[in-house]
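A.B. asks: Contents are compact mmCIF, C-alpha atoms; file name start_23.txt:
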# COMPACT_ATOMS: atom_id res chain seq x y z
CA MET N 341 1.43 -2.94 18.59
CA CYS N 342 -1.59 -4.50 16.99
CA LYS N 343 -1.42 -7.43 19.38
CA GLU N 344 -2.54 -4.98 22.08
CA CYS N 345 -6.06 -5.03 20.69
CA GLY N 346 -5.90 -8.62 19.49
CA CYS N 347 -6.14 -7.95 15.77
CA GLY N 348 -2.71 -9.26 14.87
CA GLN N 349 -0.42 -11.94 16.19
CA THR N 350 2.71 -10.02 17.10
CA ASN N 351 4.55 -7.16 15.55
CA GLY N 352 7.58 -9.38 15.11
CA ASN N 353 9.68 -7.16 17.32
CA THR N 354 12.38 -8.17 19.73
CA ARG N 355 13.61 -6.19 22.69
CA LEU N 356 17.31 -6.30 23.47
CA GLN N 357 19.25 -4.71 26.25
CA PHE N 358 22.88 -3.74 25.70
CA LEU N 359 25.45 -2.58 28.16
CA VAL N 360 27.43 0.11 26.44
CA LYS N 361 30.71 1.56 27.61
CA GLY N 362 31.95 5.01 26.67
CA TYR N 363 28.78 7.11 26.49
CA THR N 364 28.73 10.83 26.99
CA GLU N 365 25.34 12.53 27.13
CA GLU N 366 25.87 13.89 23.63
CA LEU N 367 26.93 10.52 22.26
CA SER N 368 23.93 8.80 23.80
CA LYS N 369 21.60 11.26 22.08
CA ALA N 370 23.33 10.69 18.75
CA VAL N 371 23.08 6.91 19.20
CA GLU N 372 19.38 7.15 20.10
CA LYS N 373 18.64 9.25 17.03
CA THR N 374 20.58 6.97 14.69
CA LEU N 375 19.03 3.80 16.09
CA LEU N 376 15.51 5.21 15.81
CA GLY N 377 16.17 6.01 12.16
CA LEU N 378 16.84 2.36 11.31
CA PRO N 379 13.99 0.41 9.71
CA GLY N 380 11.96 -1.55 12.23
CA VAL N 381 13.44 0.16 15.29
CA LEU N 382 10.46 1.40 17.24
CA TYR N 383 11.84 2.23 20.65
CA VAL N 384 15.20 3.16 22.14
CA HIS N 385 15.92 4.06 25.74
CA ILE N 386 19.37 4.90 27.03
CA HIS N 387 20.60 5.44 30.58
CA TRP N 388 23.87 6.96 29.54
CA HIS N 389 25.49 6.97 32.98
CA GLU N 390 25.06 3.21 33.37
CA GLY N 391 25.28 2.47 29.67
CA GLU N 392 22.00 0.55 29.76
CA THR N 393 20.54 0.68 26.25
CA THR N 394 17.19 -0.86 25.35
CA VAL N 395 16.29 -1.36 21.70
CA ASP N 396 12.97 -2.66 20.40
CA TYR N 397 13.40 -3.70 16.78
CA ASN N 398 12.17 -5.98 14.05
CA PRO N 399 14.93 -8.44 13.08
CA SER N 400 13.38 -8.93 9.66
CA LYS N 401 13.92 -5.26 8.89
CA THR N 402 17.20 -4.50 10.63
CA LYS N 403 20.00 -6.92 11.40
CA LEU N 404 21.65 -7.07 14.78
CA THR N 405 24.94 -6.22 13.07
CA ASP N 406 23.41 -2.95 11.83
CA ILE N 407 22.54 -2.06 15.41
CA LEU N 408 26.00 -3.00 16.67
CA LYS N 409 27.54 -0.88 13.92
CA VAL N 410 25.86 2.21 15.38
CA PHE N 411 27.90 1.64 18.55
CA THR N 412 31.16 0.62 16.93
CA ASP N 413 31.06 3.58 14.50
CA ARG N 414 31.34 5.76 17.59
CA GLN N 415 34.03 3.64 19.25
CA LEU N 416 31.54 2.44 21.86
CA GLU N 417 31.77 -1.05 23.32
CA ALA N 418 28.43 -2.81 23.46
CA ALA N 419 27.63 -6.15 25.07
CA LEU N 420 24.34 -8.01 25.28
CA MET P 969 -2.37 -35.39 20.46
CA GLU P 970 -3.16 -33.14 17.55
CA ILE P 971 -1.15 -29.97 17.47
CA LYS P 972 -3.02 -27.06 15.91
CA VAL P 973 -0.88 -24.73 13.88
CA MET P 974 -2.03 -21.14 14.00
CA LYS P 975 -2.22 -19.56 10.58
CA ASN P 976 0.10 -16.63 10.11
CA ILE P 977 -2.54 -13.93 9.81
CA LEU P 978 -0.16 -11.21 8.75
CA GLY P 979 1.51 -13.55 6.23
CA GLU P 980 -1.86 -14.27 4.64
CA ASN P 981 -2.66 -10.56 4.57
CA ASP P 982 0.67 -9.82 2.87
CA ARG P 983 -0.07 -12.45 0.22
CA ILE P 984 -3.44 -10.88 -0.64
CA ALA P 985 -1.91 -7.39 -0.49
CA ALA P 986 0.65 -8.50 -3.09
CA GLU P 987 -2.20 -9.73 -5.33
CA ASN P 988 -3.96 -6.38 -4.96
CA GLN P 989 -0.74 -4.57 -5.73
CA ALA P 990 -0.27 -6.62 -8.91
CA LEU P 991 -3.81 -5.77 -10.01
CA PHE P 992 -3.30 -2.05 -9.38
CA LYS P 993 0.02 -2.18 -11.23
CA GLU P 994 -1.60 -3.84 -14.23
CA LYS P 995 -4.25 -1.11 -14.26
CA ASN P 996 -1.72 1.72 -13.65
CA VAL P 997 -3.65 2.91 -10.62
CA TYR P 998 -1.65 4.67 -7.91
CA VAL P 999 -3.03 3.69 -4.51
CA ILE P 1000 -2.41 5.55 -1.28
CA ASN P 1001 -3.48 4.23 2.10
CA LEU P 1002 -4.37 7.27 4.19
CA MET P 1003 -4.16 6.68 7.92
CA GLY P 1004 -4.48 8.66 11.12
CA SER P 1005 -6.40 9.05 14.36
CA PRO P 1006 -10.13 9.67 14.48
CA GLY P 1007 -10.57 13.40 13.99
CA ALA P 1008 -7.11 13.98 12.51
CA GLY P 1009 -8.77 15.33 9.39
CA LYS P 1010 -8.31 12.51 6.88
CA THR P 1011 -11.69 13.13 5.26
CA SER P 1012 -11.17 16.90 5.24
CA VAL P 1013 -7.82 16.41 3.50
CA LEU P 1014 -9.57 14.14 1.02
CA GLU P 1015 -12.28 16.70 0.35
CA LYS P 1016 -9.62 19.32 -0.41
CA THR P 1017 -7.77 16.78 -2.56
CA MET P 1018 -10.88 16.07 -4.61
CA GLU P 1019 -11.53 19.79 -5.11
CA ARG P 1020 -8.03 20.16 -6.56
CA LEU P 1021 -7.54 16.89 -8.43
CA LYS P 1022 -10.84 15.47 -9.58
CA ASP P 1023 -10.65 17.36 -12.88
CA LYS P 1024 -6.99 16.42 -13.41
CA VAL P 1025 -7.10 12.70 -12.64
CA ASN P 1026 -9.73 10.02 -12.45
CA MET P 1027 -9.95 9.19 -8.80
CA ALA P 1028 -11.98 7.02 -6.47
CA VAL P 1029 -12.11 6.47 -2.75
CA ILE P 1030 -12.54 3.45 -0.54
CA GLU P 1031 -13.75 4.55 2.87
CA GLY P 1032 -13.08 2.51 5.97
CA ASP P 1033 -15.33 3.10 8.93
CA LEU P 1034 -16.40 1.10 11.94
CA PHE P 1035 -20.15 1.41 11.46
CA THR P 1036 -21.33 4.52 9.65
CA SER P 1037 -21.18 5.91 6.11
CA LYS P 1038 -20.82 9.52 7.24
CA ASP P 1039 -17.42 10.01 5.61
CA ALA P 1040 -18.51 8.32 2.38
CA GLU P 1041 -21.47 10.70 2.19
CA ARG P 1042 -19.04 13.63 2.41
CA ILE P 1043 -16.95 12.16 -0.41
CA GLU P 1044 -19.96 11.41 -2.61
CA LYS P 1045 -20.95 15.09 -2.61
CA HIS P 1046 -17.81 15.78 -4.65
CA GLY P 1047 -18.94 13.47 -7.44
CA VAL P 1048 -16.11 11.00 -6.93
CA PRO P 1049 -16.87 7.25 -6.89
CA VAL P 1050 -16.76 6.01 -3.33
CA ILE P 1051 -17.20 2.62 -1.73
CA GLN P 1052 -17.86 2.26 1.95
CA ILE P 1053 -16.39 -0.62 3.93
CA ASN P 1054 -17.87 -1.04 7.37
CA THR P 1055 -15.56 -3.11 9.50
CA ALA P 1056 -18.27 -3.68 12.14
CA GLY P 1057 -15.94 -2.72 14.94
CA GLY P 1058 -12.71 -3.84 13.25
CA CYS P 1059 -9.94 -1.35 13.91
CA HIS P 1060 -8.29 -1.42 10.46
CA LEU P 1061 -8.83 -2.29 6.81
CA ASP P 1062 -7.05 -5.36 5.50
CA ALA P 1063 -6.04 -6.63 2.09
CA ALA P 1064 -8.97 -9.05 1.77
CA MET P 1065 -11.46 -6.21 2.24
CA ILE P 1066 -9.81 -4.26 -0.57
CA GLN P 1067 -9.67 -7.37 -2.79
CA GLN P 1068 -13.42 -7.84 -2.42
CA THR P 1069 -14.17 -4.16 -2.93
CA ALA P 1070 -11.81 -2.93 -5.66
CA PRO P 1071 -13.47 -4.85 -8.56
CA GLN P 1072 -16.60 -2.75 -7.98
CA LEU P 1073 -14.63 0.23 -9.28
CA ASP P 1074 -13.86 0.75 -12.95
CA LEU P 1075 -10.11 0.27 -12.48
CA ASP P 1076 -9.42 0.63 -16.22
CA LYS P 1077 -10.50 4.25 -16.00
CA LEU P 1078 -8.85 5.11 -12.68
CA ASP P 1079 -5.57 6.95 -12.09
CA LEU P 1080 -5.75 7.38 -8.33
CA LEU P 1081 -7.36 5.34 -5.58
CA VAL P 1082 -7.35 6.70 -2.06
CA VAL P 1083 -8.03 4.20 0.70
CA GLU P 1084 -9.09 6.10 3.80
CA ASN P 1085 -8.39 3.71 6.63
CA VAL P 1086 -10.29 3.41 9.89
CA GLY P 1087 -9.35 6.19 12.33
CA ASN P 1088 -6.58 4.62 14.39
CA LEU P 1089 -2.91 5.53 14.86
CA VAL P 1090 -1.79 1.98 15.60
CA CYS P 1091 -3.29 -1.01 13.80
CA PRO P 1092 -3.70 0.19 10.18
CA ALA P 1093 0.09 0.60 9.92
CA GLU P 1094 0.49 -3.15 10.48
CA PHE P 1095 -1.67 -4.24 7.55
CA ALA P 1096 -0.76 -3.63 3.93
CA VAL P 1097 -3.80 -3.42 1.68
CA GLY P 1098 -2.00 -3.42 -1.67
CA GLU P 1099 -1.17 0.26 -1.67
CA ASP P 1100 1.80 1.87 -3.40
CA GLU P 1101 2.45 4.01 -0.35
CA LYS P 1102 1.00 4.92 2.98
CA GLY P 1103 0.36 8.43 4.24
CA VAL P 1104 -0.36 9.60 7.76
CA VAL P 1105 -2.42 12.59 8.87
CA LEU P 1106 -1.57 13.92 12.34
CA SER P 1107 -3.47 16.86 13.71
CA ILE P 1108 -2.03 19.55 15.94
CA THR P 1109 -4.65 18.90 18.60
CA GLU P 1110 -3.33 15.36 19.12
CA GLY P 1111 -0.06 16.59 20.61
CA ASP P 1112 3.54 16.76 19.43
CA ASP P 1113 4.51 13.59 21.31
CA LYS P 1114 2.57 11.30 18.98
CA PRO P 1115 5.33 10.46 16.47
CA MET P 1116 7.52 8.96 19.19
CA LYS P 1117 4.56 7.30 20.90
CA TYR P 1118 3.26 5.73 17.69
CA PRO P 1119 6.46 5.23 15.68
CA LEU P 1120 5.37 2.47 13.32
CA ILE P 1121 2.85 4.54 11.40
CA PHE P 1122 5.53 7.18 10.74
CA LYS P 1123 8.09 4.53 9.78
CA GLU P 1124 5.66 2.97 7.32
CA SER P 1125 4.38 6.17 5.71
CA ALA P 1126 5.93 7.98 2.77
CA ILE P 1127 4.39 11.29 3.78
CA ALA P 1128 3.09 12.95 6.94
CA LEU P 1129 0.53 15.72 6.84
CA LEU P 1130 0.53 17.86 9.97
CA ASN P 1131 -3.05 19.04 9.81
CA LYS P 1132 -4.83 21.93 11.56
CA VAL P 1133 -1.63 24.01 11.74
CA ASP P 1134 -3.84 27.09 12.04
CA LEU P 1135 -4.46 25.91 15.61
CA VAL P 1136 -0.78 25.95 16.62
CA PRO P 1137 -1.08 29.34 18.39
CA PHE P 1138 -3.84 27.91 20.59
CA CYS P 1139 -2.27 24.53 21.37
CA ASN P 1140 0.78 23.40 23.23
CA PHE P 1141 2.23 21.85 20.08
CA ASP P 1142 5.88 22.27 19.20
CA LEU P 1143 5.96 21.97 15.40
CA LYS P 1144 9.76 21.91 15.24
CA SER P 1145 9.98 19.14 17.81
CA ALA P 1146 7.33 17.02 16.07
CA GLU P 1147 9.00 17.44 12.68
CA GLU P 1148 12.40 16.55 14.17
CA ASP P 1149 10.93 13.43 15.76
CA ILE P 1150 9.39 12.38 12.45
CA ASP P 1151 12.72 12.91 10.72
CA THR P 1152 14.44 10.86 13.41
CA LEU P 1153 12.02 7.96 12.93
CA HIS P 1154 11.98 8.15 9.16
CA PRO P 1155 14.95 10.17 7.90
CA GLY P 1156 14.09 12.28 4.86
CA MET P 1157 10.35 11.63 5.06
CA LYS P 1158 8.21 14.25 3.38
CA VAL P 1159 6.30 16.37 5.90
CA ILE P 1160 3.76 19.00 4.90
CA GLU P 1161 2.06 21.46 7.23
CA VAL P 1162 -1.59 21.61 6.28
CA SER P 1163 -4.69 23.51 7.27
CA CYS P 1164 -7.80 22.40 5.46
CA THR P 1165 -9.83 25.30 6.85
CA LYS P 1166 -7.25 27.90 5.77
CA ASP P 1167 -6.31 26.10 2.55
CA GLN P 1168 -2.68 25.92 3.62
CA GLY P 1169 -0.37 23.20 2.34
CA VAL P 1170 -3.09 21.56 0.25
CA ASP P 1171 -1.44 22.49 -3.05
CA ALA P 1172 1.88 21.02 -1.89
CA TRP P 1173 0.15 17.78 -0.90
CA CYS P 1174 -1.76 17.57 -4.18
CA ASP P 1175 1.40 18.29 -6.18
CA TRP P 1176 3.18 15.46 -4.32
CA LEU P 1177 0.25 13.13 -5.01
CA LEU P 1178 0.00 14.11 -8.67
CA LEU P 1179 3.71 13.39 -9.18
CA ARG P 1180 3.19 9.90 -7.75
CA VAL P 1181 0.18 9.29 -10.00
CA ARG P 1182 2.09 10.43 -13.10
CA ALA P 1183 5.12 8.35 -12.15
CA LYS P 1184 2.94 5.25 -11.84
CA GLN P 1185 1.60 5.90 -15.31
CA GLY P 1186 5.13 6.40 -16.60
CA LYS P 1187 4.45 10.01 -17.59
When written as structure tokens, how does the structure in this file appear?
C.D. replies:
Amino acid sequence: MCKECGCGQTNGNTRLQFLVKGYTEELSKAVEKTLLGLPGVLYVHIHWHEGETTVDYNPSKTKLTDILKVFTDRQLEAAL
Amino acid sequence: MEIKVMKNILGENDRIAAENQALFKEKNVYVINLMGSPGAGKTSVLEKTMERLKDKVNMAVIEGDLFTSKDAERIEKHGVPVIQINTAGGCHLDAAMIQQTAPQLDLDKLDLLVVENVGNLVCPAEFAVGEDEKGVVLSITEGDDKPMKYPLIFKESAIALLNKVDLVPFCNFDLKSAEEDIDTLHPGMKVIEVSCTKDQGVDAWCDWLLLRVRAKQGK
């Protein structure tokens, strides 16, 4: 974010990639929407066929367990 | 070998922002940090706001601009106290700028302070200035993809004004899609469709603002 123009240090965000088993197209859209609604989550990209799920988030605003809960609530298996 | 420790710039900004916030709380002044791209219509929204509210609340404006005082001159015509901050190329206002500037206003007599940030959809969202809440103005001509492309400003803001909605018929802007994206990024966020030229949505925005001002004063 701001670091792009040099006016801040970093935005404090971390990018994680999960491998998620059990997606359907519909489920992947629901997961994307829910993840994006979490505080500090700025970017989500899902390849639902492969299960590759990228999440850019701020750990000070959302815990990793909150992200994992989005998967487990839908009976999806997610691994880092 | 001496190891230099870089100062946490954002941490320092947050500290000063908290001091500003304490001052505004003591004075019962509701402060909104209005953000958005250059040309989104922040100053036009402010002009409409002053027309509606200047006789109902005591308000003042702090104007952020890179170099000029063009926006401040527009505000001054409405008879509302305005202070110009020129950032000399800086892409956002920060808490220290507001700390230096705010004492020039008669805070004891103020109900509402609007900080119009530098036109920029990215950096201002990163820096608290001591505001109660942030608001973002997005114009139709910028495109409906902007919420997802610039998510932080929508995450941080309490309200989004979709300005220039009178131009929807002439632009490839999907209002429903943009509003859904905003709701995805910030579930339940207040979104108001506004046209300053057609006077649409301005009352809804001013009502929202007035409620916040009254709530701050405990009324």
A.B. asks: At a cut-off of 6 Å, list the chain N residues touching chain P, using all atoms listed in the file, as a PyMOL selection string.
C.D. replies: chain N and resi 342+373+376-377+382
A.B. asks: Applying 10 Å and all atoms listed in the file, which residues near P:Val1086 remain after dropping the ones on its own chain fewer than 5 positions away? List them as a list in words.
C.D. replies: Leu1002, Met1003, Gly1004, Ser1005, Pro1006, Lys1010, Glu1031, Gly1032, Asp1033, Leu1034, Ile1053, Asn1054, Thr1055, Gly1057, Gly1058, Cys1059, His1060, Leu1061, Cys1091 and Pro1092 of chain P
A.B. asks: Just to be explicit: take each residue in the selection above, keep C-alpha atoms, and write the result as a compact mmCIF listing (two decimals), keeping the file's coordinate frame.
C.D. replies:
# COMPACT_ATOMS: atom_id res chain seq x y z
CA LEU P 1002 -4.37 7.27 4.19
CA MET P 1003 -4.16 6.68 7.92
CA GLY P 1004 -4.48 8.66 11.12
CA SER P 1005 -6.40 9.05 14.36
CA PRO P 1006 -10.13 9.67 14.48
CA LYS P 1010 -8.31 12.51 6.88
CA GLU P 1031 -13.75 4.55 2.87
CA GLY P 1032 -13.08 2.51 5.97
CA ASP P 1033 -15.33 3.10 8.93
CA LEU P 1034 -16.40 1.10 11.94
CA ILE P 1053 -16.39 -0.62 3.93
CA ASN P 1054 -17.87 -1.04 7.37
CA THR P 1055 -15.56 -3.11 9.50
CA GLY P 1057 -15.94 -2.72 14.94
CA GLY P 1058 -12.71 -3.84 13.25
CA CYS P 1059 -9.94 -1.35 13.91
CA HIS P 1060 -8.29 -1.42 10.46
CA LEU P 1061 -8.83 -2.29 6.81
CA CYS P 1091 -3.29 -1.01 13.80
CA PRO P 1092 -3.70 0.19 10.18
A.B. asks: Quick one: pull the distance between atom CA of P:Val1104 and atom CA of P:Ala1008, Å, one decimal.
C.D. replies: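 We find that atom CA of P:Val1104 and atom CA of P:Ala1008 lie 9.3 Å from each other.
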A.B. asks: One decimal, Å: what's the distance from atom CA of P:Asp1171 over to atom CA of P:Lys1016, could you say?
C.D. replies: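 The value is 9.2 Å.
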A.B. asks: What's the separation between atom CA of N:Phe411 and atom CA of N:Ile386, in Å to one decimal place?
C.D. replies: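 So the two atoms, atom CA of N:Phe411 and atom CA of N:Ile386, lie 12.5 Å apart.
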A.B. asks: Counting only C-alpha atoms, which residues sit no farther than 8 Å from the position (29.0, 7.5, 23.6) in the file's frame? I'd like them as a compact mmCIF listing (two decimals) with C-alpha atoms, in the frame of the given file.
C.D. replies:
# COMPACT_ATOMS: atom_id res chain seq x y z
CA LYS N 361 30.71 1.56 27.61
CA GLY N 362 31.95 5.01 26.67
CA TYR N 363 28.78 7.11 26.49
CA THR N 364 28.73 10.83 26.99
CA GLU N 365 25.34 12.53 27.13
CA GLU N 366 25.87 13.89 23.63
CA LEU N 367 26.93 10.52 22.26
CA SER N 368 23.93 8.80 23.80
CA VAL N 371 23.08 6.91 19.20
CA TRP N 388 23.87 6.96 29.54
CA PHE N 411 27.90 1.64 18.55
CA ARG N 414 31.34 5.76 17.59
CA GLN N 415 34.03 3.64 19.25
CA LEU N 416 31.54 2.44 21.86
A.B. asks: Using all atoms listed in the file, which protein or nucleic acid residues come within 9 Å of N:Val384? Drop anything in the same chain fewer than 4 positions from it, and give the result as a VMD selection string.
C.D. replies: chain N and resid 372 to 373 375 to 376 393 to 397
A.B. asks: Within 10 Å of (-6.3, 20.2, 15.8) (file coordinates; all atoms listed in the file), which protein or nucleic acid residues are there? I'd like them as number ranges by chain.
C.D. replies: P: 1007-1009, 1106-1111, 1130-1136, 1138-1139, 1141, 1163
A.B. asks: Could you check the closest approach to N:His387 for each of N:Val410, N:Ala418, N:Leu404, N:Leu359 and tell me which residue wins, using only C-alpha atoms?
C.D. replies: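 So, comparing all the options, the nearest one is N:Leu359.
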